[in-house]
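A.B. asks: Next up is a structure, given as structure tokens.
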Amino acid sequence: MKIFFSELYFELKKNRGAMIGVVVIIISVFIALFAPLIAPHNPTEIFADALRLPPVFVQGGRAGYFFGTDDIGRDLLSRLIYGSRISLAVGFSVVIIALISGTFLGVIAGFYGGFTDRIIMRLTDLIMSLPSILFAIVIVAVLGPGITNAIIAVSVVAVPNFIRIIRAQVMVEKNRQYVFAAKLFGASSFRIMFIEILPNCMAPLIVQASLGFSDGILNVAALGFLGLGAQAPMSEWGTMLSDARSFIESSPWMVTLPGICILVTVLSFNLLGDGLRDALDPRLKKQN
Amino acid sequence: MLSIHVSKSRTKMNDTLLNVENLNIFFKSDKNPEPIHAVRDLSFSLKQGEMLGVVGESGSGKSITNLALMGILGDSAIIKAQECTFNNKNLLNLSEKEWQKVRGGEISMIFQDPMTALNPFLTVEFQLVETILAHIDCSKKEARERAIDLLSQVGITSPADRLKAYPFELSGGMAQRVMIAMAISTSPKLLIADEPTTALDVTIQKQILMLIKSLQIKNNMSVILVTHDLGVVSEFSERVQVMYAGEIVETAETKKLITYPHHPYTYGLLSSRPGAIETKPKSELPSIPGIVPAFHHRPAGCQFNPRCTNAQNDCLNQTIIIENGLRCLHPMAEK
């Protein structure tokens with residue numbers, strides 16, 4: 001296990017894009033963790049004298065409001081900083097929920113095959129046949145809008161990817177001799193599935209987790225944009241985007257900045273995911 | 001003192017550990033409506049502390065028999081037997097839970113390729129301790145001590161360091177030693193060694209076989225040694241059974257069988273070894289013509305008749321039964 005990670009780091013270091021991704025992720029995690037210390041203002045505090053101020057570096061900006069303010073006079077920088085907390089937390093919880101349930105179902109489907117496999121796979125087919133954001137909207141519409149329900153909806157949408165990947169891997173691994181040997185030494189099915197086979201399926205799982213992170217952030221932002229995710233006055237990037245869209249011509253920074261935040265975060269997770277895939281998949285490694 | 005010890009082990013030697021009567025294994029197949037008859041009327045018994053060598057070409061049913069004894073042949077196999085008792089336990093109607101106790105606990109197995117039989121992701125310690133904990137009621141610390149003790153028993157130097165190693169850090173011989181340590185960790189009554197040295201070079205092969213032999217004597221453990229190599233069998237096992245096309249064709253004490261092979265197949269196998277019989281210099285080595293018939297192309301009568309040098313008309317149509325450990329109508333003449 002230790003060797004696995006040190007080798008992973010070694011491979012990853014060679015990939016510049018992935019390293020940029022890692023750095024950006026570390027910075028955003030830092031910002032999210034220390035948001036109350038970094039943010040100049042309370043994200044929900046309204047400054048009645050400073051409505052729709054442009055950023056400092058643009059003409060008309062005012063010192064103290066670095067990225068300007070929104071339509072009801074809240075400091076944009078503080079809202080973006082607090083927004084990173086929500087986005088990262090959302091991405092993290094989506095990945096954790098989807099990872100655990102997807103892995104469990106995928107391992108069972110791949111290991112037992114037959115009827116169990118058919119039931120689980122038809123369910124995933126069902127979920128995958130619908131456009132993911134549409135399906136998430138349906139779930140949120142049923143459960144009611146809110147950040148928790150948005151996380152649940154996005155997790156449900158993300159589970160099939162995990163199931164498929166882990167199932168394919170388990171189907172390969174279960175025929176290996178060490179599995180056979182474990183069986184001959186009296187290991188139970190549960191032990192074989194989760195102690196013998198699962199660690200050997202880590203590589204694609206790690207890649208999918210990092211890509212799932214960005215999907216989760218993106219989907220929850222989309223739900224927020226549609227008014228189904230985080231509710232005001234919570235400062236979530238998708239919600240901020242949607243609140244600001246009527247001011248897109250008069251105050252473009254209000255739309256642009258949360259958009260850039262989403263872009264940068266999602267991009268850095270995708271870069272990391274691609275880098276991990278290159279590092280972990282021997283078929284993609286350069287032949288030298 | 002010594003004589004007492006010997007007599008003690010003698011009495012134990014006489015206890016039958018494993019008794020198999022008329023074992024038949026069939027496989028269901030999608031192509032054939034009739035199930036394929038892979039192993040026919042296999043009968044043998046094994047005494048406590050005895051080593052039985054099983055020899056035969058690929059496809060002669062050696063491995064299938066072993067897997068049947070471990071109860072992991074899968075759903076497509078149909079196993080029928082008059083009797084199959086191990087340590088006074090009927091193996092034919094064990095539940096999966098009971099099997100898990102038997103596997104690894106009372107019957108252990110080691111494999112052809114030790115490198116693939118160890119989980120590449122887990123340390124030796126984890127795999128060894130886990131096996132011990134699954135079968136023996138003890139604390140983790142005791143299991144670890146036992147693991148170290150076992151590794152030194154199988155001749156691994158600095159066992160405490162090796163515990164932390166991953167399988168890829170071990171050489172083939174060392175990995176096989178670890179496998180053996182795992183197999184004997186629960187003091188099984190029977191060890192099945194399925195071609196344990198095929199993937200290893202000759203010097204390591206000898207060491208590993210010596211190790212198995214010494215453990216057999218020390219623990220009074222029975223061993224089934226499956227191999228292609230008659231040389232290995234002749235040196236280590238007390239008794240040999242030769243298998244061909246899912247049947248036992250000849251079984252006898254090792255010395256007797258090696259010196260006076262009666263079945264033409266056994267004779268052919270023995271004379272195929274370089275230098276076994278005198279040939280002219282630079283002439284071709286003797287070999288048995290043909291190959292083992294596939295499961296669905298089994299000949300009528302004696303299974304060996306298409307390749308046999310002694311075959312006569314009566315070999316072609318009647319089923320030949322095994323008598324005095326020999327399944328042949330026209331055995332080789334005793335020299």
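Labeling convention for the structure tokens: chains A, B, ... as they appear, residues from 1 per chain, ligands from 1 in order of appearance.
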Write out as CSV a residue-level contact list of chain B versus chain A with cut-off 7 Å: for each qualifying residue the closest pair of atoms and the distance in Å to one decimal, counting only C-alpha atoms, rows sorted by chain and residue number upward.

C.D. replies:
residue,atom,partner,partner_atom,distance
B:Gln100,CA,A:Gly186,CA,4.4
B:Lys101,CA,A:Gly186,CA,6.3
B:Arg103,CA,A:Gly186,CA,4.7
B:Gly104,CA,A:Phe185,CA,3.8
B:Ser108,CA,A:Phe185,CA,6.6
B:Met109,CA,A:Leu184,CA,6.8
B:Thr116,CA,A:Gln177,CA,5.7
B:Ala117,CA,A:Tyr178,CA,4.0
B:Leu118,CA,A:Tyr178,CA,5.1
B:Asn119,CA,A:Tyr178,CA,5.3
B:Phe121,CA,A:Asn200,CA,6.3
B:Thr131,CA,A:Phe185,CA,6.8

A.B. asks: For the residues in that selection, give me N, CA and C atoms as a short mmCIF file (atom, residue, chain, number, x, y, z; two decimals), in the first residue's frame.

C.D. replies:
data_model
loop_
_atom_site.label_atom_id
_atom_site.label_comp_id
_atom_site.auth_asym_id
_atom_site.auth_seq_id
_atom_site.Cartn_x
_atom_site.Cartn_y
_atom_site.Cartn_z
N GLN B 100 -15.53 -24.13 4.89
CA GLN B 100 -14.57 -23.08 5.21
C GLN B 100 -13.68 -23.47 6.38
N LYS B 101 -14.24 -24.29 7.30
CA LYS B 101 -13.44 -24.76 8.42
C LYS B 101 -12.42 -25.80 7.95
N ARG B 103 -11.26 -26.31 4.74
CA ARG B 103 -10.27 -25.69 3.86
C ARG B 103 -9.34 -24.82 4.66
N GLY B 104 -8.07 -25.04 4.49
CA GLY B 104 -7.12 -24.21 5.21
C GLY B 104 -6.94 -24.67 6.65
N SER B 108 -4.92 -28.29 3.49
CA SER B 108 -4.33 -27.09 2.91
C SER B 108 -3.77 -27.43 1.54
N MET B 109 -3.50 -26.39 0.78
CA MET B 109 -3.02 -26.64 -0.57
C MET B 109 -1.94 -25.64 -0.92
N THR B 116 1.79 -15.85 -8.12
CA THR B 116 0.44 -15.37 -8.37
C THR B 116 -0.53 -15.81 -7.28
N ALA B 117 -0.08 -16.74 -6.43
CA ALA B 117 -1.00 -17.23 -5.41
C ALA B 117 -1.02 -16.34 -4.17
N LEU B 118 -0.08 -15.40 -4.09
CA LEU B 118 -0.11 -14.44 -2.98
C LEU B 118 -0.73 -13.14 -3.48
N ASN B 119 -1.51 -12.52 -2.63
CA ASN B 119 -2.15 -11.27 -3.03
C ASN B 119 -1.11 -10.16 -3.15
N PHE B 121 -1.17 -7.10 -3.19
CA PHE B 121 -1.40 -5.83 -2.52
C PHE B 121 -1.23 -5.90 -1.01
N THR B 131 -4.70 -15.73 7.88
CA THR B 131 -5.00 -17.16 7.79
C THR B 131 -5.01 -17.81 9.17
#

A.B. asks: If DSSP is run on the backbone, what residues of range 98-171 of chain B are helix (DSSP H, G or I)? A reply as a ChimeraX atom specification would be ideal.

C.D. replies: /B:98-102,114-117,124-135,140-153,159-163,167-169

A.B. asks: Do you know which residues are at most 8 Å from Val240 in chain B counting only C-alpha atoms, after dropping those on the same chain fewer than 3 positions away, and could you put them as a list in words?

C.D. replies: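 With the cut-off at 8 Å, the set is Leu52, Gly53, Val54, Val55, Val233, Ser237, Thr251, Ala252, Glu253, Thr254 and Leu257 of chain B.
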
A.B. asks: I want to know what sits within 8 Å of Leu122 in chain B, based on only C-alpha atoms, with residues of the same chain fewer than 2 positions away left out; could you give that as a PDB file with N, CA and C atoms, in the first residue's frame?

C.D. replies:
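Below you can see part.pdb, which holds the result:
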ATOM      1  N   MET A   1       0.823  -1.207   0.000  1.00  0.00           N
ATOM      2  CA  MET A   1       0.000   0.000   0.000  1.00  0.00           C
ATOM      3  C   MET A   1       0.857   1.256   0.000  1.00  0.00           C
TER       4      MET A   1
ATOM      5  N   ASN B 119      -1.514 -12.518  -2.632  1.00  0.00           N
ATOM      6  CA  ASN B 119      -2.154 -11.271  -3.032  1.00  0.00           C
ATOM      7  C   ASN B 119      -1.111 -10.165  -3.152  1.00  0.00           C
ATOM      8  N   PRO B 120      -0.953  -9.585  -4.353  1.00  0.00           N
ATOM      9  CA  PRO B 120       0.129  -8.624  -4.578  1.00  0.00           C
ATOM     10  C   PRO B 120       0.012  -7.355  -3.737  1.00  0.00           C
ATOM     11  N   VAL B 124       3.133  -9.965   3.486  1.00  0.00           N
ATOM     12  CA  VAL B 124       3.212 -11.352   3.938  1.00  0.00           C
ATOM     13  C   VAL B 124       2.585 -11.471   5.318  1.00  0.00           C
ATOM     14  N   PHE B 126       0.258  -9.655   6.750  1.00  0.00           N
ATOM     15  CA  PHE B 126      -1.200  -9.579   6.724  1.00  0.00           C
ATOM     16  C   PHE B 126      -1.806 -10.912   6.295  1.00  0.00           C
ATOM     17  N   GLN B 127      -1.269 -11.469   5.221  1.00  0.00           N
ATOM     18  CA  GLN B 127      -1.853 -12.695   4.677  1.00  0.00           C
ATOM     19  C   GLN B 127      -1.663 -13.871   5.618  1.00  0.00           C
ATOM     20  N   TYR B 166       6.308  -7.289   0.664  1.00  0.00           N
ATOM     21  CA  TYR B 166       5.223  -7.556  -0.267  1.00  0.00           C
ATOM     22  C   TYR B 166       5.647  -8.713  -1.163  1.00  0.00           C
ATOM     23  N   PRO B 167       4.684  -9.455  -1.701  1.00  0.00           N
ATOM     24  CA  PRO B 167       5.046 -10.634  -2.502  1.00  0.00           C
ATOM     25  C   PRO B 167       6.060 -10.341  -3.613  1.00  0.00           C
TER      26      PRO B 167
END

A.B. asks: Residues near range 114-131 of chain A, anyone? I mean within 7 Å using only C-alpha atoms, not counting same-chain ones fewer than 4 positions away, as a list of chain:residue names.

C.D. replies: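 Result of the neighbour search: A:Ala109, A:Gly110, A:Phe135, A:Val157, A:Pro160.
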
A.B. asks: Mind dumping the selected residues with C-alpha atoms as an mmCIF file, in the first residue's frame?

C.D. replies:
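again.cif was written with the following content:
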data_model
loop_
_atom_site.group_PDB
_atom_site.id
_atom_site.type_symbol
_atom_site.label_atom_id
_atom_site.label_comp_id
_atom_site.auth_asym_id
_atom_site.auth_seq_id
_atom_site.Cartn_x
_atom_site.Cartn_y
_atom_site.Cartn_z
ATOM 1 C CA ALA A 109 -22.311 -7.492 -8.874
ATOM 2 C CA GLY A 110 -18.886 -8.424 -10.216
ATOM 3 C CA PHE A 135 -32.439 12.921 -13.199
ATOM 4 C CA VAL A 157 -26.409 10.166 -10.373
ATOM 5 C CA PRO A 160 -23.465 4.069 -11.716
#

A.B. asks: Any idea what the distance is between CA of Ser222 in chain B and CA of Leu190 in chain B?

C.D. replies: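 Result for CA of Ser222 in chain B versus CA of Leu190 in chain B: 4.7 Å, one decimal.
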
A.B. asks: What's the 9 Å shell around Phe27 in chain B, counting only C-alpha atoms, without same-chain residues fewer than 4 positions away, as an mmCIF file with C-alpha atoms, in the first residue's frame?

C.D. replies:
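result-v6.cif, freshly written:
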data_model
loop_
_atom_site.group_PDB
_atom_site.id
_atom_site.type_symbol
_atom_site.label_atom_id
_atom_site.label_comp_id
_atom_site.auth_asym_id
_atom_site.auth_seq_id
_atom_site.Cartn_x
_atom_site.Cartn_y
_atom_site.Cartn_z
ATOM 1 C CA GLU B 34 -24.647 -35.362 -21.646
ATOM 2 C CA PRO B 35 -22.347 -34.172 -18.886
ATOM 3 C CA ILE B 36 -18.670 -34.742 -19.529
ATOM 4 C CA HIS B 37 -17.220 -37.567 -17.495
ATOM 5 C CA ALA B 38 -13.906 -36.172 -16.310
ATOM 6 C CA ASP B 75 -21.621 -25.282 -9.834
ATOM 7 C CA SER B 76 -20.978 -26.890 -13.199
ATOM 8 C CA ALA B 77 -19.454 -29.979 -11.592
ATOM 9 C CA ILE B 78 -21.409 -32.992 -10.418
ATOM 10 C CA ILE B 79 -19.569 -35.096 -7.889
#

A.B. asks: Could you check the closest approach to Thr197 in chain B for each of B:Ile110, B:Ile25, B:Ile148, B:Ala160 and tell me which residue wins, using only C-alpha atoms?

C.D. replies: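 Checking each of B:Ile110, B:Ile25, B:Ile148, B:Ala160 against Thr197 in chain B, counting only C-alpha atoms, the winner is B:Ile110.
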
A.B. asks: Within 9 Å of Thr103 in chain A, counting only C-alpha atoms, which residues qualify if same-chain residues fewer than 2 places away don't, as an MDAnalysis selection string?

C.D. replies: chainID A and resid 98:101 105:108 159 162:163 165:167 198 205

A.B. asks: Please produce an output containing N, CA and C atoms for each residue in the selection, written as a short mmCIF file (atom, residue, chain, number, x, y, z; two decimals), in the first residue's frame.

C.D. replies:
data_model
loop_
_atom_site.label_atom_id
_atom_site.label_comp_id
_atom_site.auth_asym_id
_atom_site.auth_seq_id
_atom_site.Cartn_x
_atom_site.Cartn_y
_atom_site.Cartn_z
N ALA A 98 -21.06 8.26 -3.14
CA ALA A 98 -21.08 7.47 -4.37
C ALA A 98 -20.02 6.37 -4.33
N LEU A 99 -18.87 6.69 -3.76
CA LEU A 99 -17.77 5.73 -3.69
C LEU A 99 -18.15 4.52 -2.84
N ILE A 100 -18.69 4.79 -1.66
CA ILE A 100 -19.00 3.68 -0.76
C ILE A 100 -20.12 2.82 -1.33
N SER A 101 -21.22 3.47 -1.73
CA SER A 101 -22.33 2.64 -2.22
C SER A 101 -21.99 2.01 -3.56
N LEU A 105 -21.91 -2.07 -4.24
CA LEU A 105 -22.77 -2.71 -5.24
C LEU A 105 -21.94 -3.31 -6.37
N GLY A 106 -20.90 -2.56 -6.80
CA GLY A 106 -20.07 -3.03 -7.90
C GLY A 106 -19.35 -4.32 -7.56
N VAL A 107 -18.79 -4.39 -6.35
CA VAL A 107 -18.06 -5.59 -5.94
C VAL A 107 -19.01 -6.78 -5.89
N ILE A 108 -20.19 -6.55 -5.34
CA ILE A 108 -21.16 -7.65 -5.25
C ILE A 108 -21.59 -8.11 -6.64
N VAL A 159 -23.35 7.35 -8.78
CA VAL A 159 -23.10 5.95 -8.38
C VAL A 159 -22.86 4.99 -9.56
N PHE A 162 -19.28 4.46 -10.70
CA PHE A 162 -18.46 3.69 -9.76
C PHE A 162 -18.79 2.20 -9.88
N ILE A 163 -20.07 1.90 -9.94
CA ILE A 163 -20.47 0.49 -10.02
C ILE A 163 -19.83 -0.17 -11.23
N ILE A 165 -17.21 0.67 -13.10
CA ILE A 165 -15.77 0.55 -13.07
C ILE A 165 -15.32 -0.55 -12.13
N ILE A 166 -15.90 -0.57 -10.95
CA ILE A 166 -15.45 -1.55 -9.97
C ILE A 166 -15.89 -2.96 -10.37
N ARG A 167 -17.04 -3.06 -11.00
CA ARG A 167 -17.53 -4.38 -11.42
C ARG A 167 -16.58 -4.98 -12.45
N LEU A 198 -10.72 -6.12 -3.34
CA LEU A 198 -10.92 -4.66 -3.40
C LEU A 198 -9.62 -3.84 -3.46
N LEU A 205 -10.45 3.19 -9.28
CA LEU A 205 -11.33 3.81 -8.30
C LEU A 205 -10.83 5.20 -7.91
#

A.B. asks: So, with only C-alpha atoms as the atoms that count, which of B:Ile184, B:Leu170, B:Ala134, B:Ile217 lies closest to Leu150 in chain B?

C.D. replies: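 So, comparing all the options, the nearest one is B:Ile184.
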
A.B. asks: Could you give me the residues within range 166-241 of chain B that DSSP places in strand (DSSP E or B), as an mmCIF file with N, CA and C atoms, in the first residue's frame?

C.D. replies:
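Output file selection-v9.cif is given in full below:
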data_model
loop_
_atom_site.group_PDB
_atom_site.id
_atom_site.type_symbol
_atom_site.label_atom_id
_atom_site.label_comp_id
_atom_site.auth_asym_id
_atom_site.auth_seq_id
_atom_site.Cartn_x
_atom_site.Cartn_y
_atom_site.Cartn_z
ATOM 1 N N LEU B 190 -3.856 -32.795 6.189
ATOM 2 C CA LEU B 190 -3.533 -33.165 4.815
ATOM 3 C C LEU B 190 -3.058 -31.934 4.046
ATOM 4 N N LEU B 191 -1.942 -32.100 3.376
ATOM 5 C CA LEU B 191 -1.435 -31.014 2.528
ATOM 6 C C LEU B 191 -1.463 -31.498 1.085
ATOM 7 N N ILE B 192 -2.162 -30.751 0.248
ATOM 8 C CA ILE B 192 -2.166 -31.102 -1.164
ATOM 9 C C ILE B 192 -1.185 -30.171 -1.865
ATOM 10 N N ALA B 193 -0.170 -30.751 -2.479
ATOM 11 C CA ALA B 193 0.826 -29.939 -3.178
ATOM 12 C C ALA B 193 0.646 -30.168 -4.667
ATOM 13 N N ASP B 194 0.040 -29.189 -5.334
ATOM 14 C CA ASP B 194 -0.262 -29.336 -6.753
ATOM 15 C C ASP B 194 0.903 -28.786 -7.573
ATOM 16 N N SER B 222 -0.266 -35.872 6.326
ATOM 17 C CA SER B 222 -0.335 -36.583 5.050
ATOM 18 C C SER B 222 -0.148 -35.598 3.916
ATOM 19 N N VAL B 223 0.461 -36.060 2.839
ATOM 20 C CA VAL B 223 0.702 -35.173 1.711
ATOM 21 C C VAL B 223 0.270 -35.861 0.427
ATOM 22 N N ILE B 224 -0.445 -35.120 -0.408
ATOM 23 C CA ILE B 224 -0.679 -35.598 -1.773
ATOM 24 C C ILE B 224 0.191 -34.727 -2.671
ATOM 25 N N LEU B 225 1.152 -35.351 -3.320
ATOM 26 C CA LEU B 225 2.090 -34.600 -4.144
ATOM 27 C C LEU B 225 1.766 -34.857 -5.605
ATOM 28 N N VAL B 226 1.253 -33.841 -6.261
ATOM 29 C CA VAL B 226 0.915 -33.985 -7.674
ATOM 30 C C VAL B 226 2.077 -33.476 -8.497
ATOM 31 N N THR B 227 2.483 -34.226 -9.480
ATOM 32 C CA THR B 227 3.624 -33.774 -10.265
ATOM 33 C C THR B 227 3.679 -34.440 -11.629
ATOM 34 N N ARG B 239 4.047 -43.846 -1.675
ATOM 35 C CA ARG B 239 3.216 -44.584 -2.614
ATOM 36 C C ARG B 239 2.960 -43.698 -3.835
ATOM 37 N N VAL B 240 2.741 -44.326 -4.978
ATOM 38 C CA VAL B 240 2.495 -43.565 -6.195
ATOM 39 C C VAL B 240 1.214 -44.062 -6.830
ATOM 40 N N GLN B 241 0.426 -43.128 -7.364
ATOM 41 C CA GLN B 241 -0.609 -43.605 -8.265
ATOM 42 C C GLN B 241 -0.488 -42.857 -9.583
#

A.B. asks: CA of Ile258 in chain B and CA of Phe111 in chain B are how many Å apart?

C.D. replies: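 About the pair CA of Ile258 in chain B and CA of Phe111 in chain B: they are 25.6 Å apart.
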
A.B. asks: Hey, which of B:Glu106, B:Asp41, B:Glu21, B:Asp30 ends up closest to Met221 in chain B? Count only C-alpha atoms.

C.D. replies: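 Ranked by minimum distance to Met221 in chain B, first place goes to B:Glu106.
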
A.B. asks: Pick from B:Phe26, B:Tyr260, B:Tyr244, B:Tyr267: nearest to Val292 in chain B, with only C-alpha atoms counted?

C.D. replies: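 Ranking B:Phe26, B:Tyr260, B:Tyr244, B:Tyr267 by distance to Val292 in chain B, first place goes to B:Tyr244.
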
A.B. asks: Can you tell me how far CA of Ser84 in chain A sits from CA of Ala32 in chain A, in Å to one decimal?

C.D. replies: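 Separation between CA of Ser84 in chain A and CA of Ala32 in chain A: 5.5 Å.
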
A.B. asks: From the options B:Thr198, B:Asn19, B:Thr266, B:Ser287, which residue's atoms come nearest to Val242 in chain B, counting only C-alpha atoms?

C.D. replies: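 Going through B:Thr198, B:Asn19, B:Thr266, B:Ser287 one by one, the smallest distance to Val242 in chain B is for B:Thr266.
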
A.B. asks: Here is a test: counting only C-alpha atoms, which residue of B:Thr259, B:Thr123, B:Ser271, B:Ser185 is nearest to Ala165 in chain B?

C.D. replies: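 Of B:Thr259, B:Thr123, B:Ser271, B:Ser185, the one nearest Ala165 in chain B is B:Thr123, counting only C-alpha atoms.
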